[in-house]
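Colleague: Structure: query27.txt, compact mmCIF, C-alpha atoms.
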```
# COMPACT_ATOMS: atom_id res chain seq x y z
CA MET A 24 -22.77 0.63 -16.20
CA THR A 25 -23.51 4.37 -16.61
CA GLY A 26 -21.74 5.13 -13.34
CA ARG A 27 -18.64 3.23 -14.40
CA ARG A 28 -18.53 5.09 -17.69
CA ALA A 29 -18.75 8.41 -15.88
CA ASN A 30 -15.90 7.44 -13.58
CA ALA A 31 -13.61 6.36 -16.39
CA THR A 32 -14.33 8.92 -19.10
CA GLY A 33 -10.85 10.42 -18.77
CA ALA A 34 -9.29 7.07 -19.56
CA LEU A 35 -10.28 7.42 -23.20
CA VAL A 36 -8.45 10.69 -23.87
CA MET A 37 -5.58 8.71 -25.36
CA LEU A 38 -7.96 6.34 -27.17
CA ALA A 39 -9.63 9.31 -28.83
CA MET A 40 -6.21 10.63 -29.84
CA ALA A 41 -5.39 7.33 -31.49
CA MET A 42 -8.72 7.12 -33.29
CA ALA A 43 -8.59 10.72 -34.51
CA ALA A 44 -5.70 9.90 -36.86
CA CYS A 45 -7.54 6.90 -38.22
CA HIS A 46 -10.77 8.86 -38.79
CA SER A 47 -8.89 11.66 -40.56
CA GLN A 48 -7.47 9.04 -42.89
CA GLN A 49 -10.98 7.76 -43.52
CA ARG A 50 -12.11 11.18 -44.63
CA ASN A 51 -9.03 11.75 -46.78
CA LEU A 52 -8.82 8.23 -48.17
CA GLY A 53 -12.44 7.81 -49.23
CA SER A 54 -11.66 7.46 -52.94
CA GLY A 55 -14.81 5.43 -53.51
CA ALA A 56 -17.18 8.13 -52.18
CA GLN A 57 -19.03 10.71 -54.30
CA ALA A 58 -19.29 14.37 -53.27
CA ASP A 59 -22.90 13.93 -52.17
CA GLY A 60 -21.98 11.12 -49.74
CA SER A 61 -23.25 8.26 -51.89
CA ARG A 62 -20.93 5.35 -52.67
CA SER A 63 -20.00 4.03 -56.08
CA ALA A 64 -20.57 0.45 -57.04
CA LYS A 65 -16.88 -0.30 -56.85
CA LYS A 66 -16.27 -3.82 -55.54
CA VAL A 67 -15.38 -4.02 -51.86
CA THR A 68 -12.04 -5.65 -51.18
CA VAL A 69 -10.59 -6.48 -47.77
CA THR A 70 -7.70 -8.61 -48.95
CA TRP A 71 -4.26 -7.64 -50.13
CA SER A 72 -1.70 -9.12 -52.47
CA GLY A 73 1.26 -8.34 -50.26
CA SER A 74 2.48 -6.48 -47.21
CA GLU A 75 5.35 -4.26 -46.28
CA ALA A 76 7.13 -3.33 -43.05
CA VAL A 77 6.85 0.25 -41.86
CA ASP A 78 8.64 1.87 -38.95
CA VAL A 79 7.07 3.63 -36.00
CA LYS A 80 9.30 6.23 -34.39
CA ASP A 81 9.23 7.33 -30.79
CA PRO A 82 8.92 11.14 -31.03
CA ALA A 83 10.35 11.57 -27.54
CA GLU A 84 13.54 9.69 -28.47
CA GLY A 85 13.65 10.34 -32.19
CA THR A 86 14.45 6.70 -32.88
CA LYS A 87 12.68 3.66 -34.29
CA ALA A 88 10.50 1.90 -31.72
CA PHE A 89 8.48 -0.69 -33.67
CA SER A 90 8.30 -2.33 -37.08
CA ILE A 91 4.75 -3.07 -38.25
CA ASP A 92 3.56 -5.22 -41.14
CA VAL A 93 0.78 -3.49 -43.14
CA PRO A 94 -0.95 -4.26 -46.46
CA SER A 95 0.84 -2.87 -49.50
CA GLY A 96 -0.78 0.27 -50.86
CA TRP A 97 -2.65 1.11 -47.65
CA LYS A 98 -2.17 4.43 -45.90
CA PHE A 99 -0.41 4.22 -42.54
CA GLU A 100 0.18 6.45 -39.54
CA GLY A 101 1.75 5.47 -36.22
CA THR A 102 3.50 6.89 -33.19
CA ILE A 103 4.35 6.27 -29.53
CA LEU A 104 1.93 8.25 -27.38
CA ARG A 105 3.10 9.35 -23.93
CA PRO A 106 0.05 10.93 -22.27
CA ARG A 107 0.26 11.64 -18.58
CA GLY A 108 -2.30 11.72 -15.83
CA CYS A 109 -4.55 9.17 -14.23
CA HIS A 110 -4.80 6.74 -17.15
CA ALA A 111 -1.38 6.82 -18.81
CA PRO A 112 0.07 3.67 -20.43
CA GLY A 113 2.11 1.54 -18.06
CA THR A 114 5.27 1.69 -20.23
CA PRO A 115 6.39 3.62 -23.34
CA ALA A 116 5.90 0.42 -25.39
CA ASP A 117 2.26 0.35 -24.29
CA GLY A 118 1.89 3.77 -25.94
CA LEU A 119 2.13 2.23 -29.41
CA SER A 120 -0.71 3.68 -31.52
CA TYR A 121 -1.15 3.10 -35.24
CA GLY A 122 -3.73 2.75 -37.95
CA SER A 123 -3.63 1.50 -41.54
CA ALA A 124 -6.58 2.13 -43.86
CA SER A 125 -7.48 0.76 -47.29
CA PRO A 126 -7.77 3.15 -50.24
CA ASP A 127 -11.54 3.45 -49.79
CA GLY A 128 -11.12 4.32 -46.11
CA LEU A 129 -13.65 1.73 -44.92
CA THR A 130 -11.36 -1.14 -44.11
CA ALA A 131 -8.78 -0.48 -41.40
CA ILE A 132 -6.55 -2.22 -38.92
CA GLY A 133 -4.64 -0.77 -36.00
CA GLN A 134 -4.04 -0.47 -32.31
CA MET A 135 -4.94 2.11 -29.69
CA PRO A 136 -2.51 2.77 -26.84
CA GLY A 137 -2.69 1.07 -23.50
CA VAL A 138 -4.41 2.70 -20.56
CA SER A 139 -4.29 2.20 -16.79
CA TRP A 140 -6.60 2.86 -13.87
CA ASP A 141 -6.78 2.38 -10.11
CA TRP A 142 -9.37 1.29 -7.59
CA ALA A 143 -9.36 1.33 -3.78
CA SER A 144 -11.90 0.04 -1.27
CA ASP A 145 -11.81 3.41 0.52
CA GLY A 146 -11.85 5.41 -2.72
CA VAL A 147 -8.39 6.91 -2.16
CA THR A 148 -6.24 6.33 -5.27
CA PRO A 149 -2.85 7.72 -6.41
CA GLN A 150 -2.85 11.30 -7.73
CA LYS A 151 -6.42 11.63 -6.39
CA CYS A 152 -7.74 9.92 -9.52
CA LYS A 153 -11.29 8.60 -9.68
CA SER A 154 -11.63 5.01 -8.55
CA VAL A 155 -12.53 2.67 -11.45
CA ASP A 156 -13.83 -0.78 -10.50
CA ILE A 157 -13.17 -2.76 -13.70
CA THR A 158 -11.19 -6.01 -13.67
CA THR A 159 -12.17 -7.81 -16.89
CA ALA A 160 -11.28 -7.23 -20.52
CA ALA A 161 -14.94 -7.34 -21.55
CA GLY A 162 -15.78 -4.78 -18.86
CA PHE A 163 -13.09 -2.45 -20.21
CA LEU A 164 -14.21 -2.82 -23.83
CA LEU A 165 -17.95 -2.43 -23.15
CA ASN A 166 -17.73 0.33 -20.53
CA ILE A 167 -14.73 2.36 -21.69
CA ALA A 168 -13.31 1.60 -25.14
CA VAL A 169 -16.50 1.26 -27.21
CA PRO A 170 -18.57 4.09 -25.63
CA ASN A 171 -15.70 6.57 -25.95
CA THR A 172 -14.44 5.68 -29.45
CA HIS A 173 -17.81 4.85 -31.06
CA PRO A 174 -20.56 6.46 -28.92
CA GLU A 175 -23.27 5.65 -31.48
CA ALA A 176 -22.13 2.10 -32.22
CA LYS A 177 -24.39 -0.88 -31.83
CA ILE A 178 -22.75 -3.59 -29.72
CA ILE A 179 -23.28 -6.88 -31.51
CA GLY A 180 -21.75 -8.94 -28.71
CA ILE A 181 -18.71 -10.51 -27.13
CA VAL A 182 -16.75 -12.69 -29.56
CA PRO A 183 -15.51 -16.03 -28.15
CA LEU A 184 -11.74 -16.40 -28.17
CA PRO A 185 -10.26 -19.05 -30.46
CA PRO A 186 -9.85 -22.39 -28.64
CA GLN A 187 -6.07 -22.21 -28.60
CA MET A 188 -6.09 -18.64 -27.25
CA GLN A 189 -8.72 -19.53 -24.65
CA ALA A 190 -6.66 -22.52 -23.49
CA GLY A 191 -3.55 -20.36 -23.19
CA LEU A 192 -5.46 -17.71 -21.24
CA GLU A 193 -6.85 -20.27 -18.80
CA ALA A 194 -3.37 -21.76 -18.29
CA GLN A 195 -2.00 -18.30 -17.46
CA GLN A 196 -4.88 -17.64 -15.08
CA ARG A 197 -4.22 -20.90 -13.23
CA LYS A 198 -0.52 -20.08 -13.01
CA LEU A 199 -1.19 -16.65 -11.53
CA ALA A 200 -3.72 -18.10 -9.07
CA SER A 201 -1.19 -20.69 -7.87
CA GLU A 202 1.53 -18.06 -7.49
CA SER A 203 -0.75 -15.89 -5.36
CA GLY A 204 -1.56 -18.78 -3.01
CA ASN A 205 -3.98 -18.79 -0.10
CA GLY A 206 -3.68 -15.92 2.33
CA SER A 207 -1.43 -13.88 0.02
CA GLN A 208 -1.74 -10.12 0.37
CA MET A 209 -1.09 -9.66 -3.36
CA ARG A 210 -2.96 -11.20 -6.26
CA GLN A 211 -2.43 -10.78 -10.00
CA THR A 212 -5.17 -11.45 -12.55
CA LEU A 213 -5.24 -11.67 -16.33
CA ASP A 214 -8.17 -11.54 -18.73
CA ALA A 215 -8.73 -11.19 -22.49
CA ALA A 216 -11.80 -10.44 -24.58
CA ARG A 217 -13.05 -9.37 -28.00
CA VAL A 218 -16.22 -7.49 -28.87
CA ARG A 219 -17.87 -6.75 -32.20
CA VAL A 220 -19.68 -3.49 -32.90
CA GLU A 221 -21.49 -1.92 -35.84
CA TYR A 222 -21.63 1.74 -36.86
CA THR A 223 -21.75 3.95 -39.97
CA ILE A 224 -19.00 5.82 -41.86
CA HIS A 225 -20.09 8.19 -44.65
CA GLY A 226 -23.39 6.36 -44.91
CA GLN A 227 -21.69 2.96 -45.13
CA VAL A 228 -22.38 0.42 -42.37
CA VAL A 229 -19.16 -1.12 -41.07
CA GLU A 230 -18.36 -3.77 -38.51
CA GLU A 231 -15.42 -3.59 -36.14
CA GLN A 232 -13.83 -6.08 -33.77
CA MET A 233 -11.91 -4.74 -30.78
CA GLY A 234 -9.75 -6.88 -28.53
CA THR A 235 -7.59 -6.32 -25.49
CA VAL A 236 -5.90 -7.98 -22.51
CA VAL A 237 -6.36 -6.59 -18.98
CA THR A 238 -3.94 -7.29 -16.15
CA CYS A 239 -4.61 -6.30 -12.53
CA MET A 240 -2.49 -6.33 -9.39
CA GLU A 241 -4.57 -6.39 -6.23
CA SER A 242 -3.07 -5.71 -2.80
CA HIS A 243 -4.66 -6.28 0.61
CA PHE A 244 -3.54 -4.24 3.63
CA PRO A 245 -4.65 -5.50 7.08
CA ALA A 246 -6.09 -3.17 9.68
CA TYR A 247 -3.59 -1.24 11.81
CA PRO A 248 -5.45 -0.31 15.02
CA GLN A 249 -2.40 1.45 16.51
CA MET A 250 -2.52 3.99 13.68
CA ARG A 251 -6.36 3.91 13.51
CA ARG A 252 -6.23 2.49 10.00
CA PRO A 253 -8.94 0.07 8.83
CA ALA A 254 -8.27 -2.80 6.44
CA ARG A 255 -7.83 -1.65 2.83
CA THR A 256 -7.72 -3.18 -0.66
CA THR A 257 -6.19 -1.48 -3.71
CA ARG A 258 -6.03 -2.53 -7.33
CA HIS A 259 -4.00 -1.29 -10.30
CA CYS A 260 -5.15 -2.43 -13.75
CA GLY A 261 -4.15 -1.71 -17.29
CA THR A 262 -4.09 -2.78 -20.91
CA HIS A 263 -1.06 -3.01 -23.18
CA GLY A 264 -3.15 -1.76 -26.09
CA THR A 265 -6.50 -2.31 -27.80
CA ASN A 266 -6.37 -3.69 -31.34
CA PHE A 267 -9.13 -3.18 -33.87
CA ARG A 268 -10.13 -4.56 -37.27
CA ARG A 269 -12.81 -2.81 -39.35
CA ALA A 270 -14.51 -3.68 -42.64
CA PRO A 271 -17.79 -3.03 -44.46
CA LYS A 272 -20.63 -5.03 -43.00
CA GLY A 273 -20.45 -8.63 -44.12
CA TYR A 274 -16.70 -8.53 -44.81
CA LEU A 275 -15.19 -8.45 -41.33
CA ASP A 276 -14.68 -12.22 -41.07
CA GLN A 277 -12.89 -12.16 -44.43
CA LEU A 278 -10.60 -9.41 -43.12
CA LEU A 279 -9.89 -11.32 -39.90
CA ALA A 280 -8.85 -14.35 -41.95
CA ASN A 281 -5.96 -12.32 -43.43
CA ALA A 282 -3.34 -12.47 -40.72
CA LEU A 283 -0.42 -10.06 -40.52
CA LYS A 284 2.72 -10.29 -38.42
CA GLN A 285 2.50 -8.88 -34.95
CA PRO A 286 4.28 -5.54 -34.35
CA THR A 287 7.97 -6.12 -33.63
CA ILE A 288 9.66 -4.01 -31.00
CA ASP A 289 13.07 -2.55 -31.84
CA GLN A 290 15.56 -4.22 -29.48
CA ALA A 291 17.91 -1.23 -29.24
CA TRP A 292 15.01 1.11 -28.41
CA ASP A 293 13.60 -1.38 -25.92
CA ALA A 294 16.97 -1.79 -24.19
CA ASP A 295 17.48 1.98 -24.02
CA ILE A 296 14.00 2.56 -22.61
CA ALA A 297 14.52 -0.26 -20.10
CA ARG A 298 17.81 1.28 -19.01
CA LYS A 299 16.21 4.70 -18.54
CA MET A 300 13.26 3.22 -16.68
CA GLN A 301 15.65 1.32 -14.40
CA SER A 302 17.67 4.48 -13.79
CA GLN A 303 14.48 6.40 -13.00
CA TYR A 304 13.35 3.61 -10.70
CA ASP A 305 16.74 3.56 -8.96
CA ARG A 306 16.50 7.31 -8.33
CA PHE A 307 12.96 6.92 -7.07
CA ARG A 308 13.98 3.99 -4.88
CA ALA A 309 16.95 5.89 -3.44
CA ALA A 310 14.75 8.91 -2.69
CA SER A 311 12.09 6.64 -1.22
CA ASP A 312 14.65 4.80 0.92
CA LYS A 313 16.06 8.10 2.14
CA GLN A 314 12.61 9.39 2.99
CA PHE A 315 11.77 6.11 4.71
CA GLU A 316 14.97 6.27 6.76
CA GLU A 317 14.24 9.87 7.73
CA ILE A 318 10.75 8.87 8.80
CA GLN A 319 12.15 5.91 10.75
CA ASP A 320 14.75 8.14 12.40
CA HIS A 321 12.04 10.66 13.28
CA PHE A 322 9.95 7.92 14.87
CA ARG A 323 13.00 6.51 16.65
CA GLN A 324 13.68 9.93 18.16
CA GLN A 325 10.04 10.31 19.10
CA THR A 326 10.01 6.83 20.63
CA ALA A 327 13.21 7.52 22.57
CA ALA A 328 11.76 10.81 23.85
CA MET A 329 8.53 9.06 24.81
CA LEU A 330 10.47 6.33 26.65
CA LYS A 331 12.56 8.95 28.45
CA ARG A 332 9.46 10.87 29.48
CA GLY A 333 7.86 7.63 30.58
CA GLN A 334 10.92 6.67 32.65
CA GLU A 335 11.01 10.13 34.23
CA GLN A 336 7.32 9.90 35.03
CA GLN A 337 7.84 6.42 36.49
CA ALA A 338 10.76 7.69 38.61
CA THR A 339 8.67 10.64 39.80
CA THR A 340 5.78 8.35 40.58
CA LYS A 341 8.10 5.96 42.44
CA ARG A 342 9.59 8.76 44.51
CA GLY A 343 6.13 9.97 45.39
CA THR A 344 5.02 6.45 46.21
CA ASP A 345 8.12 5.82 48.35
CA LEU A 346 7.58 9.06 50.25
CA ALA A 347 3.92 8.25 50.77
CA LEU A 348 4.78 4.74 51.98
CA ALA A 349 7.49 6.08 54.26
CA SER A 350 5.07 8.63 55.66
CA ASP A 351 2.46 5.94 56.17
CA ASN A 352 5.03 3.68 57.80
CA ASN A 353 6.14 6.47 60.09
CA THR A 354 2.54 7.22 60.99
CA VAL A 355 1.82 3.56 61.68
CA ALA A 356 5.05 3.21 63.67
CA ALA A 357 4.21 6.30 65.71
CA MET A 358 0.71 4.97 66.35
CA GLN A 359 2.09 1.59 67.32
CA LYS A 360 4.72 3.19 69.53
CA GLY A 361 2.14 5.39 71.17
CA ALA A 362 -0.13 2.44 71.79
CA HIS A 363 2.77 0.40 73.13
CA MET A 364 3.88 3.18 75.43
CA GLN A 365 0.33 3.60 76.66
CA VAL A 366 0.12 -0.11 77.46
CA LEU A 367 3.47 -0.03 79.22
CA ASP A 368 2.49 3.06 81.19
CA SER A 369 -0.70 1.41 82.34
CA LEU A 370 1.41 -1.48 83.60
CA ASN A 371 4.06 0.79 85.13
CA ARG A 372 6.52 -0.58 82.63
CA MET A 373 9.04 1.05 80.29
CA ASP A 374 11.35 0.02 77.44
CA PHE A 375 15.13 0.32 77.76
CA VAL A 376 17.86 -0.55 75.22
CA ASP A 377 21.14 -2.28 75.99
CA PRO A 378 23.72 -0.06 74.26
CA ALA A 379 26.13 -2.97 73.97
CA THR A 380 23.80 -5.28 72.07
CA GLY A 381 20.88 -3.08 70.96
CA ARG A 382 18.52 -5.48 72.66
CA LYS A 383 15.31 -3.96 73.98
CA ILE A 384 14.55 -4.72 77.61
CA GLU A 385 11.31 -3.97 79.42
CA THR A 386 11.54 -2.90 83.08
CA SER A 387 9.68 -0.76 85.63
CA ASN A 388 9.01 2.87 84.78
CA GLN A 389 9.28 3.80 88.43
CA PHE A 390 13.04 4.08 88.21
CA THR A 391 14.92 6.43 85.91
CA HIS A 392 18.21 4.49 85.86
CA ASN A 393 18.58 0.79 85.01
CA TRP A 394 21.77 -1.26 84.95
CA ILE A 395 22.06 -4.76 83.44
CA SER A 396 24.60 -7.39 84.48
CA SER A 397 27.23 -8.71 82.07
CA ASP A 398 25.49 -12.11 81.92
CA ASN A 399 22.11 -10.39 81.23
CA SER A 400 20.56 -12.13 84.20
CA GLU A 401 20.02 -9.23 86.57
CA VAL A 402 18.92 -5.58 86.46
CA VAL A 403 19.66 -2.94 89.11
CA LEU A 404 17.00 -0.21 89.34
CA THR A 405 17.66 3.24 90.88
CA ASN A 406 16.54 6.86 90.74
CA ASP A 407 20.00 8.08 91.84
CA PRO A 408 21.79 9.44 88.79
CA THR A 409 25.16 9.17 90.56
CA PHE A 410 24.87 5.52 91.50
CA ASP A 411 27.15 3.05 89.65
CA PRO A 412 26.81 -0.61 90.65
CA ASN A 413 30.20 -1.59 89.18
CA GLY A 414 32.48 -2.71 92.03
CA VAL A 415 29.56 -2.47 94.42
CA VAL A 416 26.96 -4.99 93.44
CA ASP A 417 28.37 -8.53 93.01
CA PRO A 418 31.74 -7.14 91.94
CA ILE A 419 33.36 -10.52 91.55
CA ARG A 420 30.94 -12.08 89.11
CA GLN A 421 29.30 -9.15 87.30
CA ASN A 422 30.04 -6.00 85.33
CA TRP A 423 27.17 -3.56 84.86
CA THR A 424 25.98 -1.50 81.84
CA GLU A 425 23.46 1.32 82.12
CA LEU A 426 20.41 0.90 79.90
CA ILE A 427 19.11 3.73 77.71
CA PRO A 428 15.41 4.59 78.18
CA VAL A 429 13.12 4.60 75.09
CA TRP A 430 10.81 7.57 75.26
```
Will you turn the file into structure tokens for me?
Modeller:
Amino acid sequence: MTGRRANATGALVMLAMAMAACHSQQRNLGSGAQADGSRSAKKVTVTWSGSEAVDVKDPAEGTKAFSIDVPSGWKFEGTILRPRGCHAPGTPADGLSYGSASPDGLTAIGQMPGVSWDWASDGVTPQKCKSVDITTAAGFLLNIAVPNTHPEAKIIGIVPLPPQMQAGLEAQQRKLASESGNGSQMRQTLDAARVRVEYTIHGQVVEEQMGTVVTCMESHFPAYPQMRRPARTTRHCGTHGTNFRRAPKGYLDQLLANALKQPTIDQAWDADIARKMQSQYDRFRAASDKQFEEIQDHFRQQTAAMLKRGQEQQATTKRGTDLALASDNNTVAAMQKGAHMQVLDSLNRMDFVDPATGRKIETSNQFTHNWISSDNSEVVLTNDPTFDPNGVVDPIRQNWTELIPVW
């Protein structure tokens, strides 16, 4: 648990900001306290006769953001916090922070702004933020909210959710589980919890109940061996706010029994913020698409260049292979021809070619001139270069063609 708290300490910067206003009210509103820190015997009251609606303005927009119901006569302070960094609220509406304290400063109700955090199986998170492995509402309250807002508080325990709230939570959890399905690379989870703590203000022991809802979106990325990337899991979690109720010890249940209306968001402000968020998203998406297309085009060019180089290398290899094969064939042919000529020479034979048909004819190598008859049935052999058998040898039936020797 200590390690988790160390990793997520920065997440409570905004929680501390929210609580600072409430604590300053406690010091200024302590009408029942004496100068020496003792408390008068004035009766403790955690109920109210009526309530009134107060507005919370968004300082960034200068317009009304929420309307909140608070007990009449109680001091109130509220704003929309917009902290940046690793643990900022997910939306401007999640930055709602307010506190309302009774005249004696001991009883208070309010809400701290939402926070967000990231976790990754390889430890690499956006903006190089520390990886925080918390997925449950109880884990957030016990490891982040309570230790950072009330470091000296005694944790009494986790408070069971009311049956109706528990049933609704379980129904939502089943719905999200069914939407994720088996084998899905994305999974959304939802969890809610309440814890009760005890600490001291101006010597007075008080009890406080804190509650929140945590949502997480988990994504699984398969391994990509071609890019040497191992499998990876990332998770983005956040709360929409952490509400609190505080009263002198023994009176917290009485305070919780007095229900007030939930904060009401201003529709015009909400629509304007939604429009600006959409516009910002559209600009981000356009820039992202452009960057993606540039990256794709870069890889297309690289791929085309690689293919061209590969084709050129293949062509070069083929030419080299063809030349080597041709050389080998010529060598083999020369060896075969030499062997054939040697055999023929040992038999006093020689190859001749009929120029009319290209047919190879084997005859004696003792004669330098060979003539073949027109019906290919006879050959006249002679060493006289001037001899022509046409009109001399069987002139009626045959014409003669001189054969070409194959050396």
Colleague: Which residues come within 9 Å of Leu192 (chain A), counting only C-alpha atoms, excluding same-chain residues fewer than 6 positions away, as a PyMOL selection string?
Modeller: chain A and resi 213-215
Colleague: Please produce a file of the residues just selected, as a compact mmCIF listing (two decimals), keeping the file's coordinate frame, where the atoms kept are C-alpha atoms.
Modeller:
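So out-v5.txt came out as:
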```
# COMPACT_ATOMS: atom_id res chain seq x y z
CA LEU A 213 -5.24 -11.67 -16.33
CA ASP A 214 -8.17 -11.54 -18.73
CA ALA A 215 -8.73 -11.19 -22.49
```
Colleague: If I take CA of Arg217 (chain A) and CA of Gln134 (chain A), how far is one from the other in Å, to one decimal?
Modeller: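 Straight-line distance from CA of Arg217 (chain A) to CA of Gln134 (chain A) works out to 13.4 Å.
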Colleague: In Å to one decimal, how far is CA of Met135 (chain A) from CA of Gln232 (chain A)?
Modeller: 12.8 Å
Colleague: I want to know what sits within 9 Å of Asn393 (chain A), based on all atoms listed in the file, with residues of the same chain fewer than 5 positions away left out; could you give that as an MDAnalysis selection string?
Modeller: chainID A and resid 375 386 402:406 424:428
Colleague: Check the smallest atom-to-atom distance from each of A:Ala379, A:Ile103, A:Leu283, A:Met209 to Phe244 (chain A) using all atoms listed in the file, then report the winner.
Modeller: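 Among the listed residues, A:Met209 lies closest to Phe244 (chain A).
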Colleague: Have a look at CA of Trp71 (chain A) and CA of Ile288 (chain A) and let me know their distance in Å, one decimal.
Modeller: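 Separation of CA of Trp71 (chain A) and CA of Ile288 (chain A): 23.9 Å.
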Colleague: Let me make sure I understand: among A:Phe315, A:Phe322, A:Tyr274, A:Trp140, which one has the smallest atom-to-atom distance to His259 (chain A) if we use only C-alpha atoms?
Modeller: A:Trp140
Colleague: Determine the nearest neighbour of Ala254 (chain A) from the options A:Ser144, A:Ser400, A:Ser201, A:Thr340, counting only C-alpha atoms.
Modeller: A:Ser144
Colleague: For Leu104 (chain A), please output as a ChimeraX atom specification all residues within 8 Å (counting all atoms listed in the file; exclusion window: fewer than 5 positions along the same chain).
Modeller: /A:37,115,118-120,136
Colleague: Extract region 229-240 of chain A from the coordinates I pasted, and write it as an mmCIF file, in the first residue's frame (atoms kept: N, CA and C atoms).
Modeller:
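Output contents, as saved in result.cif:
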```cif
data_model
loop_
_atom_site.group_PDB
_atom_site.id
_atom_site.type_symbol
_atom_site.label_atom_id
_atom_site.label_comp_id
_atom_site.auth_asym_id
_atom_site.auth_seq_id
_atom_site.Cartn_x
_atom_site.Cartn_y
_atom_site.Cartn_z
ATOM 1 N N VAL A 229 -14.200 14.391 15.006
ATOM 2 C CA VAL A 229 -15.244 14.377 13.979
ATOM 3 C C VAL A 229 -15.142 13.085 13.186
ATOM 4 N N GLU A 230 -16.259 12.734 12.589
ATOM 5 C CA GLU A 230 -16.312 11.583 11.676
ATOM 6 C C GLU A 230 -16.632 12.103 10.282
ATOM 7 N N GLU A 231 -16.073 11.439 9.283
ATOM 8 C CA GLU A 231 -16.323 11.855 7.903
ATOM 9 C C GLU A 231 -16.523 10.620 7.025
ATOM 10 N N GLN A 232 -17.499 10.726 6.143
ATOM 11 C CA GLN A 232 -17.715 9.674 5.146
ATOM 12 C C GLN A 232 -17.353 10.230 3.781
ATOM 13 N N MET A 233 -16.512 9.480 3.059
ATOM 14 C CA MET A 233 -16.096 9.864 1.710
ATOM 15 C C MET A 233 -16.557 8.782 0.745
ATOM 16 N N GLY A 234 -17.062 9.219 -0.392
ATOM 17 C CA GLY A 234 -17.542 8.261 -1.394
ATOM 18 C C GLY A 234 -17.166 8.685 -2.801
ATOM 19 N N THR A 235 -16.948 7.718 -3.652
ATOM 20 C CA THR A 235 -16.601 8.027 -5.035
ATOM 21 C C THR A 235 -16.950 6.859 -5.936
ATOM 22 N N VAL A 236 -16.917 7.124 -7.244
ATOM 23 C CA VAL A 236 -17.114 6.107 -8.279
ATOM 24 C C VAL A 236 -15.882 6.127 -9.182
ATOM 25 N N VAL A 237 -15.316 4.970 -9.444
ATOM 26 C CA VAL A 237 -14.129 4.855 -10.304
ATOM 27 C C VAL A 237 -14.500 4.107 -11.579
ATOM 28 N N THR A 238 -14.161 4.692 -12.702
ATOM 29 C CA THR A 238 -14.329 4.024 -13.997
ATOM 30 C C THR A 238 -12.957 3.812 -14.618
ATOM 31 N N CYS A 239 -12.775 2.679 -15.264
ATOM 32 C CA CYS A 239 -11.503 2.356 -15.927
ATOM 33 C C CYS A 239 -11.770 1.826 -17.332
ATOM 34 N N MET A 240 -10.898 2.191 -18.250
ATOM 35 C CA MET A 240 -10.914 1.646 -19.606
ATOM 36 C C MET A 240 -9.577 0.945 -19.833
#
```
